[in-house]
>>> print(open('target.txt').read())   # compact mmCIF, C-alpha atoms
# COMPACT_ATOMS: atom_id res chain seq x y z
CA MET W 1 0.00 0.00 0.00
CA SER W 2 1.41 3.38 -0.99
CA THR W 3 1.65 6.18 1.53
CA ILE W 4 -0.65 9.17 1.29
CA GLU W 5 2.31 11.23 0.12
CA GLU W 6 3.04 8.83 -2.74
CA ARG W 7 -0.58 8.69 -3.80
CA VAL W 8 -0.94 12.49 -3.78
CA LYS W 9 2.24 12.89 -5.82
CA LYS W 10 1.10 10.28 -8.33
CA ILE W 11 -2.15 12.18 -8.88
CA ILE W 12 -0.28 15.45 -9.34
CA VAL W 13 2.01 13.82 -11.92
CA GLU W 14 -0.99 12.42 -13.78
CA GLN W 15 -3.19 15.51 -13.62
CA LEU W 16 -0.59 18.15 -14.43
CA GLY W 17 1.57 16.06 -16.74
CA VAL W 18 4.77 16.91 -14.87
CA LYS W 19 7.81 14.77 -14.01
CA GLU W 20 7.93 13.07 -10.65
CA GLU W 21 11.14 14.83 -9.63
CA GLU W 22 9.45 18.21 -10.17
CA VAL W 23 6.82 17.41 -7.55
CA LYS W 24 8.73 18.77 -4.58
CA PRO W 25 6.89 19.56 -1.34
CA GLU W 26 7.29 23.32 -1.70
CA ALA W 27 6.35 23.35 -5.40
CA SER W 28 3.41 25.61 -6.19
CA PHE W 29 0.92 24.17 -8.68
CA GLU W 30 0.46 27.44 -10.52
CA ASN W 31 3.93 28.99 -10.22
CA ASP W 32 6.18 25.94 -10.46
CA LEU W 33 4.17 23.18 -12.11
CA GLY W 34 2.48 25.22 -14.84
CA ALA W 35 -1.09 24.62 -13.71
CA ASP W 36 -3.81 27.11 -14.55
CA SER W 37 -6.76 27.75 -12.27
CA LEU W 38 -8.88 25.10 -13.98
CA ASP W 39 -6.07 22.54 -13.61
CA THR W 40 -6.05 23.10 -9.86
CA VAL W 41 -9.84 22.64 -9.70
CA GLU W 42 -9.44 19.34 -11.54
CA LEU W 43 -6.58 18.34 -9.26
CA VAL W 44 -8.80 18.84 -6.23
CA MET W 45 -11.51 16.77 -7.93
CA ALA W 46 -9.01 13.97 -8.50
CA LEU W 47 -7.88 14.10 -4.87
CA GLU W 48 -11.51 13.93 -3.74
CA GLU W 49 -11.99 10.78 -5.76
CA GLU W 50 -8.77 9.04 -4.78
CA PHE W 51 -9.36 9.64 -1.08
CA GLU W 52 -13.16 9.44 -1.15
CA THR W 53 -13.62 12.74 0.58
CA GLU W 54 -15.24 16.06 -0.22
CA ILE W 55 -13.02 19.10 -0.08
CA PRO W 56 -15.07 22.27 0.57
CA ASP W 57 -14.37 25.20 -1.77
CA GLU W 58 -12.90 27.38 0.96
CA GLU W 59 -10.43 24.62 1.83
CA ALA W 60 -9.67 23.83 -1.81
CA GLU W 61 -8.61 27.44 -2.37
CA LYS W 62 -5.82 26.99 0.20
CA ILE W 63 -4.36 23.94 -1.50
CA LYS W 64 -1.75 25.68 -3.63
CA THR W 65 1.35 23.54 -3.09
CA VAL W 66 2.26 19.87 -3.06
CA GLN W 67 2.77 19.94 0.70
CA ALA W 68 -0.59 21.65 1.27
CA ALA W 69 -2.30 18.86 -0.64
CA ILE W 70 -0.50 16.16 1.34
CA ASP W 71 -1.30 17.92 4.61
CA TYR W 72 -4.97 18.34 3.79
CA VAL W 73 -5.43 14.73 2.76
CA SER W 74 -3.44 13.43 5.76
CA ALA W 75 -5.64 15.41 8.11
CA HIS W 76 -8.95 14.44 6.50
CA SER W 77 -8.45 10.91 5.24
CA ASP W 78 -9.48 7.76 7.07
CA ASP W 79 -6.92 5.50 5.45
CA MET P 1 -27.57 8.95 -39.88
CA GLN P 2 -27.47 8.67 -36.12
CA SER P 3 -24.65 10.68 -34.61
CA LEU P 4 -25.45 10.49 -30.91
CA THR P 5 -25.43 6.72 -30.36
CA GLU P 6 -24.60 5.76 -26.78
CA GLN P 7 -24.75 9.38 -25.64
CA VAL P 8 -26.78 10.33 -22.59
CA ALA P 9 -28.63 13.65 -22.65
CA LEU P 10 -30.38 15.58 -19.90
CA VAL P 11 -33.13 17.92 -21.08
CA THR P 12 -34.86 20.14 -18.53
CA GLY P 13 -38.50 21.11 -19.03
CA ALA P 14 -39.10 18.24 -21.44
CA SER P 15 -42.77 17.48 -20.86
CA ARG P 16 -44.08 19.55 -23.76
CA GLY P 17 -43.37 22.21 -26.36
CA ILE P 18 -39.81 22.90 -27.38
CA GLY P 19 -38.32 20.69 -24.65
CA ARG P 20 -40.27 17.68 -25.86
CA ALA P 21 -39.24 18.29 -29.48
CA ILE P 22 -35.60 18.52 -28.36
CA ALA P 23 -35.84 15.26 -26.42
CA GLU P 24 -37.43 13.50 -29.40
CA SER P 25 -34.85 14.89 -31.79
CA LEU P 26 -31.94 13.72 -29.62
CA VAL P 27 -33.55 10.28 -29.38
CA ALA P 28 -33.88 10.22 -33.18
CA GLN P 29 -30.12 10.81 -33.31
CA GLY P 30 -29.57 7.78 -31.11
CA ALA P 31 -29.18 9.38 -27.67
CA PHE P 32 -30.72 8.14 -24.43
CA VAL P 33 -32.62 11.10 -23.00
CA ILE P 34 -33.47 11.93 -19.40
CA GLY P 35 -36.22 14.53 -19.45
CA THR P 36 -37.19 16.58 -16.42
CA ALA P 37 -40.50 18.09 -15.41
CA THR P 38 -41.58 19.95 -12.29
CA SER P 39 -44.29 17.43 -11.41
CA GLU P 40 -44.55 13.63 -11.19
CA GLN P 41 -47.37 13.92 -13.71
CA GLY P 42 -45.04 15.66 -16.17
CA ALA P 43 -42.36 13.04 -15.54
CA ALA P 44 -44.86 10.28 -16.32
CA ALA P 45 -45.80 12.02 -19.58
CA ILE P 46 -42.12 12.13 -20.57
CA ASP P 47 -41.71 8.46 -19.69
CA GLU P 48 -44.63 7.65 -21.94
CA TYR P 49 -43.44 9.42 -25.08
CA LEU P 50 -39.78 8.44 -24.68
CA GLY P 51 -40.50 4.77 -24.02
CA ASP P 52 -37.32 2.70 -23.90
CA ASN P 53 -35.24 5.57 -25.27
CA GLY P 54 -35.29 7.62 -22.13
CA LYS P 55 -36.73 8.44 -18.77
CA GLY P 56 -38.82 11.17 -17.22
CA ILE P 57 -37.98 12.49 -13.78
CA ALA P 58 -39.49 15.13 -11.53
CA LEU P 59 -36.91 17.76 -10.69
CA ASN P 60 -37.19 21.15 -9.09
CA VAL P 61 -34.29 23.02 -10.67
CA THR P 62 -34.41 25.73 -8.01
CA ASP P 63 -33.54 23.34 -5.16
CA THR P 64 -29.72 23.06 -5.17
CA GLU P 65 -29.48 20.13 -2.80
CA GLN P 66 -32.09 18.00 -4.54
CA LEU P 67 -30.51 18.91 -7.86
CA THR P 68 -26.98 17.86 -6.90
CA ASP P 69 -28.21 14.57 -5.45
CA THR P 70 -30.35 13.84 -8.49
CA ILE P 71 -27.49 14.50 -10.93
CA LYS P 72 -25.18 12.25 -8.92
CA GLY P 73 -27.82 9.52 -8.93
CA LEU P 74 -28.33 9.84 -12.70
CA GLU P 75 -24.59 9.65 -13.40
CA LYS P 76 -24.41 6.53 -11.28
CA GLU P 77 -27.37 4.94 -13.02
CA TYR P 78 -26.53 5.88 -16.62
CA GLY P 79 -22.76 6.22 -16.31
CA LYS P 80 -22.47 9.79 -17.59
CA ILE P 81 -24.25 12.84 -18.96
CA ASP P 82 -22.78 13.85 -22.33
CA ILE P 83 -25.32 16.47 -23.35
CA LEU P 84 -27.14 19.00 -21.19
CA VAL P 85 -29.98 21.07 -22.61
CA ASN P 86 -31.25 23.76 -20.26
CA ASN P 87 -34.70 24.38 -21.60
CA ALA P 88 -36.90 24.74 -18.50
CA GLY P 89 -38.33 28.22 -18.26
CA ILE P 90 -41.28 30.23 -17.03
CA THR P 91 -42.82 33.62 -17.70
CA ARG P 92 -44.34 36.11 -15.26
CA ASP P 93 -45.13 38.98 -17.58
CA ASN P 94 -45.88 42.45 -16.30
CA LEU P 95 -44.95 46.00 -17.13
CA MET P 96 -41.80 46.87 -15.23
CA MET P 97 -43.55 49.55 -13.17
CA ARG P 98 -46.10 46.99 -11.97
CA MET P 99 -43.77 44.03 -11.63
CA LYS P 100 -43.58 42.54 -8.14
CA ASP P 101 -40.31 41.40 -6.62
CA ASP P 102 -41.51 37.82 -6.63
CA GLU P 103 -42.33 37.96 -10.35
CA TRP P 104 -38.82 39.21 -11.03
CA GLU P 105 -37.17 36.69 -8.74
CA ALA P 106 -39.15 33.65 -9.89
CA VAL P 107 -38.14 34.20 -13.51
CA ILE P 108 -34.49 35.01 -12.77
CA ASN P 109 -34.26 32.02 -10.45
CA THR P 110 -35.81 29.45 -12.79
CA ASN P 111 -34.53 30.77 -16.13
CA LEU P 112 -31.04 31.91 -15.16
CA SER P 113 -29.85 30.85 -11.68
CA ALA P 114 -31.09 27.28 -12.14
CA VAL P 115 -29.00 26.98 -15.32
CA PHE P 116 -25.93 27.90 -13.28
CA ARG P 117 -26.80 25.22 -10.74
CA VAL P 118 -27.52 22.47 -13.26
CA CYS P 119 -24.34 23.27 -15.22
CA LYS P 120 -22.28 23.19 -12.04
CA ALA P 121 -23.65 19.79 -11.11
CA VAL P 122 -23.17 18.28 -14.56
CA ILE P 123 -19.89 19.81 -15.72
CA ARG P 124 -17.73 17.92 -13.26
CA GLY P 125 -18.22 14.65 -15.10
CA MET P 126 -17.75 16.36 -18.47
CA MET P 127 -14.42 17.81 -17.29
CA LYS P 128 -13.22 14.37 -16.32
CA ARG P 129 -14.25 12.83 -19.63
CA ARG P 130 -12.81 15.75 -21.57
CA SER P 131 -16.01 16.04 -23.55
CA GLY P 132 -19.47 17.49 -23.18
CA ARG P 133 -22.13 19.63 -24.81
CA ILE P 134 -24.15 22.25 -23.01
CA ILE P 135 -26.94 23.97 -24.90
CA ASN P 136 -28.93 26.72 -23.21
CA ILE P 137 -32.26 27.78 -24.63
CA SER P 138 -32.29 31.57 -24.77
CA SER P 139 -34.82 33.64 -26.70
CA VAL P 140 -34.99 36.23 -29.44
CA VAL P 141 -36.38 38.69 -26.88
CA GLY P 142 -33.13 38.43 -24.91
CA THR P 143 -31.60 40.26 -27.88
CA THR P 144 -34.46 42.49 -29.00
CA GLY P 145 -36.23 43.20 -25.71
CA ASN P 146 -39.98 42.91 -25.28
CA PRO P 147 -42.34 45.17 -23.33
CA GLY P 148 -43.84 43.38 -20.34
CA GLN P 149 -40.93 40.98 -20.04
CA VAL P 150 -38.03 42.76 -18.33
CA ASN P 151 -37.52 39.70 -16.12
CA TYR P 152 -37.69 37.14 -18.92
CA CYS P 153 -35.54 39.19 -21.31
CA ALA P 154 -32.93 39.85 -18.62
CA ALA P 155 -32.70 36.14 -17.83
CA LYS P 156 -32.53 35.11 -21.50
CA ALA P 157 -29.88 37.72 -22.29
CA GLY P 158 -28.06 36.63 -19.13
CA LEU P 159 -27.84 33.11 -20.50
CA VAL P 160 -25.90 34.35 -23.50
CA GLY P 161 -23.24 36.04 -21.34
CA PHE P 162 -23.18 33.06 -19.01
CA SER P 163 -22.66 30.66 -21.91
CA LYS P 164 -19.87 32.71 -23.47
CA SER P 165 -17.98 32.90 -20.17
CA LEU P 166 -18.38 29.22 -19.36
CA ALA P 167 -17.44 28.36 -22.95
CA LYS P 168 -14.10 30.15 -22.46
CA GLU P 169 -13.48 28.42 -19.15
CA VAL P 170 -14.00 24.87 -20.40
CA ALA P 171 -13.14 24.96 -24.12
CA ALA P 172 -9.73 23.41 -23.52
CA ARG P 173 -11.45 20.44 -21.90
CA GLY P 174 -13.43 19.52 -24.99
CA ILE P 175 -16.70 20.97 -23.70
CA THR P 176 -18.76 23.35 -25.78
CA VAL P 177 -21.37 25.76 -24.41
CA ASN P 178 -23.83 27.37 -26.81
CA CYS P 179 -27.27 28.95 -26.92
CA VAL P 180 -30.22 28.46 -29.20
CA ALA P 181 -32.53 31.48 -29.30
CA PRO P 182 -36.03 30.66 -30.59
CA GLY P 183 -38.35 33.32 -31.97
CA PHE P 184 -42.14 32.80 -32.02
CA ILE P 185 -42.65 29.06 -31.94
CA ASP P 186 -45.95 27.17 -32.19
CA THR P 187 -46.38 25.87 -28.61
CA ASP P 188 -49.03 25.98 -25.89
CA MET P 189 -47.70 29.42 -25.04
CA THR P 190 -48.44 30.86 -28.50
CA LYS P 191 -51.60 28.79 -29.16
CA ALA P 192 -53.40 31.14 -26.79
CA LEU P 193 -52.89 34.04 -29.22
CA THR P 194 -55.86 35.25 -31.29
CA ASP P 195 -55.70 35.41 -35.11
CA ASP P 196 -55.41 39.19 -34.92
CA GLN P 197 -52.48 38.93 -32.51
CA LYS P 198 -50.84 36.38 -34.79
CA GLN P 199 -51.24 38.62 -37.84
CA ALA P 200 -49.60 41.46 -35.92
CA ILE P 201 -46.70 39.20 -34.99
CA PHE P 202 -46.35 37.85 -38.54
CA ALA P 203 -45.90 41.42 -39.79
CA ASN P 204 -42.51 41.31 -38.06
CA ILE P 205 -41.55 37.84 -39.22
CA PRO P 206 -40.25 37.69 -42.81
CA ALA P 207 -41.08 33.95 -42.92
CA GLU P 208 -44.76 34.89 -42.23
CA ARG P 209 -45.39 31.95 -39.95
CA LEU P 210 -44.64 30.62 -36.48
CA GLY P 211 -41.68 28.31 -36.10
CA LYS P 212 -42.14 24.66 -35.25
CA PRO P 213 -40.66 23.17 -32.07
CA GLU P 214 -38.85 20.67 -34.32
CA GLU P 215 -37.07 23.55 -36.04
CA VAL P 216 -35.60 24.65 -32.72
CA ALA P 217 -34.76 21.04 -31.85
CA ALA P 218 -32.84 20.65 -35.12
CA ALA P 219 -30.47 23.45 -34.09
CA VAL P 220 -30.01 21.86 -30.66
CA SER P 221 -29.29 18.44 -32.20
CA PHE P 222 -26.74 20.00 -34.50
CA LEU P 223 -24.91 21.67 -31.61
CA ALA P 224 -24.93 18.33 -29.77
CA SER P 225 -23.52 16.47 -32.77
CA PRO P 226 -19.83 15.65 -33.35
CA GLY P 227 -19.79 18.04 -36.31
CA ALA P 228 -20.30 21.05 -34.01
CA ALA P 229 -17.22 20.36 -31.88
CA TYR P 230 -15.50 23.61 -32.89
CA ILE P 231 -18.51 25.86 -32.25
CA THR P 232 -18.62 27.31 -28.75
CA GLY P 233 -19.91 30.46 -27.06
CA GLU P 234 -22.24 30.93 -30.02
CA THR P 235 -25.95 31.66 -30.22
CA ILE P 236 -28.00 30.19 -33.07
CA HIS P 237 -31.14 32.22 -33.74
CA VAL P 238 -34.17 30.28 -34.98
CA ASN P 239 -36.71 32.98 -35.69
CA GLY P 240 -37.75 33.08 -39.35
CA GLY P 241 -35.83 36.30 -39.89
CA MET P 242 -37.58 38.21 -37.11
CA ALA P 243 -34.26 39.47 -35.79
CA MET P 244 -30.98 39.14 -37.64
CA VAL P 245 -28.01 39.55 -35.37
>>> encode(input="target.txt", output="structure tokens")
Amino acid sequence: MSTIEERVKKIIVEQLGVKEEEVKPEASFENDLGADSLDTVELVMALEEEFETEIPDEEAEKIKTVQAAIDYVSAHSDD
Amino acid sequence: MQSLTEQVALVTGASRGIGRAIAESLVAQGAFVIGTATSEQGAAAIDEYLGDNGKGIALNVTDTEQLTDTIKGLEKEYGKIDILVNNAGITRDNLMMRMKDDEWEAVINTNLSAVFRVCKAVIRGMMKRRSGRIINISSVVGTTGNPGQVNYCAAKAGLVGFSKSLAKEVAARGITVNCVAPGFIDTDMTKALTDDQKQAIFANIPAERLGKPEEVAAAVSFLASPGAAYITGETIHVNGGMAMV
């Protein structure tokens, strides 16, 4: 079973079409990984599906970096 | 030739008039159609005319929670919604100076805000599949204006701006968003007109007749078809020349 961190990174690689080594914790989706605002909305949707959770809009807006995504999922996921 | 085989369409306000013609036209193109009505009675009527090619459901498009749950349920049951036609609409005509707040709000809510809500609920799946067609039924009066209908005209014009903006947001995801703007169409709404009223209306219609619901549906079916993939943010007017824009 992969760790939450690995699963989040895998989704980011798939959704944004970036290389795994680019997905550093401090990397910003929009500034470093070339995502536009719609890409980040889709990324949140993909995270919701992978971890079977619903991320409220006001929380989703704060998920701007790789680490923020890992932190959110770690805090709100049952697995 | 059938171009919509294995596609699932959701048509709001499908129990009669233009909505029914749209549902039947999409079925003729091979789509499975879910038609909505405000009442169980309307849903049953849709069930009856669609037969095995679709399903009628009762849906109050102004209730966000019910709407979101219903869309989720439909996507589970039918796998996806490829085509969304926002056709449901009401009128509460009155001169602006006499118009009550509730007449204004009812029309804006049903004809404009509900479209926002239905689109929001449906577009998620379209984004994931990288394909989808949204067709909003506007009206010629949204462009020309019409005395006694400030609410209706504002909502119908609003749909055009809404569709253009959404079209820009989701074009890169293979989703198109367009409007069809009918003129005077032969439905229950216009059957109530007297011959004199009709003659007065025809004076402004170069085609000298009312349009048929099927003629509006044909434009909708075209926008839903694979051939229209590169058309987005557009409004097709179906009005016999009444307004050329």
>>> atom_distance(input="target.txt", atom1="CA of Arg92 (chain P)", atom2="CA of Gly148 (chain P)")
8.9 Å
>>> residues_around(input="target.txt", residues="region 42-47 of chain W", least_positions_apart="2", cutoff="7 Å", atoms="only C-alpha atoms", output="PyMOL selection string")
chain W and resi 12+15+38-40+49-51+60
>>> interface_residues(input="target.txt", of="chain P", to="chain W", cutoff="9 Å", atoms="only C-alpha atoms", output="VMD selection string")
chain P and resid 124 127 to 128 169 to 170
>>> axis_aligned_box(input="target.txt", around="region 59-72 of chain W", padding_each_side="6 Å", output="lines of an AutoDock Vina configuration file")
center_x = -3.8
center_y = 21.8
center_z = 0.5
size_x = 25.2
size_y = 23.3
size_z = 20.2
>>> atom_distance(input="target.txt", atom1="CA of Leu4 (chain P)", atom2="CA of Ser225 (chain P)")
6.6 Å
>>> closest_residue(input="target.txt", among="W:Tyr72, W:Ala35, W:Glu20, W:Thr65", to="Glu6 (chain W)", atoms="only C-alpha atoms")
W:Glu20
>>> closest_residue(input="target.txt", among="P:Asp82, P:Asp195, P:Asp47, P:Asp63", to="Leu10 (chain P)", atoms="all atoms listed in the file")
P:Asp82
>>> closest_residue(input="target.txt", among="W:Glu52, W:Thr3, W:Asp71, W:Lys62", to="Phe29 (chain W)", atoms="all atoms listed in the file")
W:Lys62
>>> atom_distance(input="target.txt", atom1="CA of Glu65 (chain P)", atom2="CA of Val115 (chain P)")
14.3 Å
>>> closest_atom_pairs(input="target.txt", of="region 84-104 of chain P", to="region 151-156 of chain P", cutoff="10 Å", atoms="all atoms listed in the file", output="tab-separated table")
residue	atom	partner	partner_atom	distance
P:Gly89	CA	P:Tyr152	CA	9.0
P:Ile90	CA	P:Tyr152	CA	8.0
P:Thr91	CA	P:Tyr152	CA	6.3
P:Arg92	CA	P:Tyr152	CA	7.7
P:Asp93	CA	P:Tyr152	CA	7.8
P:Asn94	CA	P:Asn151	CA	8.8
P:Leu95	CA	P:Asn151	CA	9.8
P:Met96	CA	P:Asn151	CA	8.4
P:Met99	CA	P:Asn151	CA	8.8
P:Glu103	CA	P:Asn151	CA	7.7
P:Trp104	CA	P:Asn151	CA	5.3
>>> write_last_selection(input="target.txt", atoms="C-alpha atoms", output="PDB file, in the frame of the given file")
ATOM      1  CA  GLY P  89     -38.330  28.220 -18.260  1.00  0.00           C
ATOM      2  CA  ILE P  90     -41.280  30.230 -17.030  1.00  0.00           C
ATOM      3  CA  THR P  91     -42.820  33.620 -17.700  1.00  0.00           C
ATOM      4  CA  ARG P  92     -44.340  36.110 -15.260  1.00  0.00           C
ATOM      5  CA  ASP P  93     -45.130  38.980 -17.580  1.00  0.00           C
ATOM      6  CA  ASN P  94     -45.880  42.450 -16.300  1.00  0.00           C
ATOM      7  CA  LEU P  95     -44.950  46.000 -17.130  1.00  0.00           C
ATOM      8  CA  MET P  96     -41.800  46.870 -15.230  1.00  0.00           C
ATOM      9  CA  MET P  99     -43.770  44.030 -11.630  1.00  0.00           C
ATOM     10  CA  GLU P 103     -42.330  37.960 -10.350  1.00  0.00           C
ATOM     11  CA  TRP P 104     -38.820  39.210 -11.030  1.00  0.00           C
TER      12      TRP P 104
END
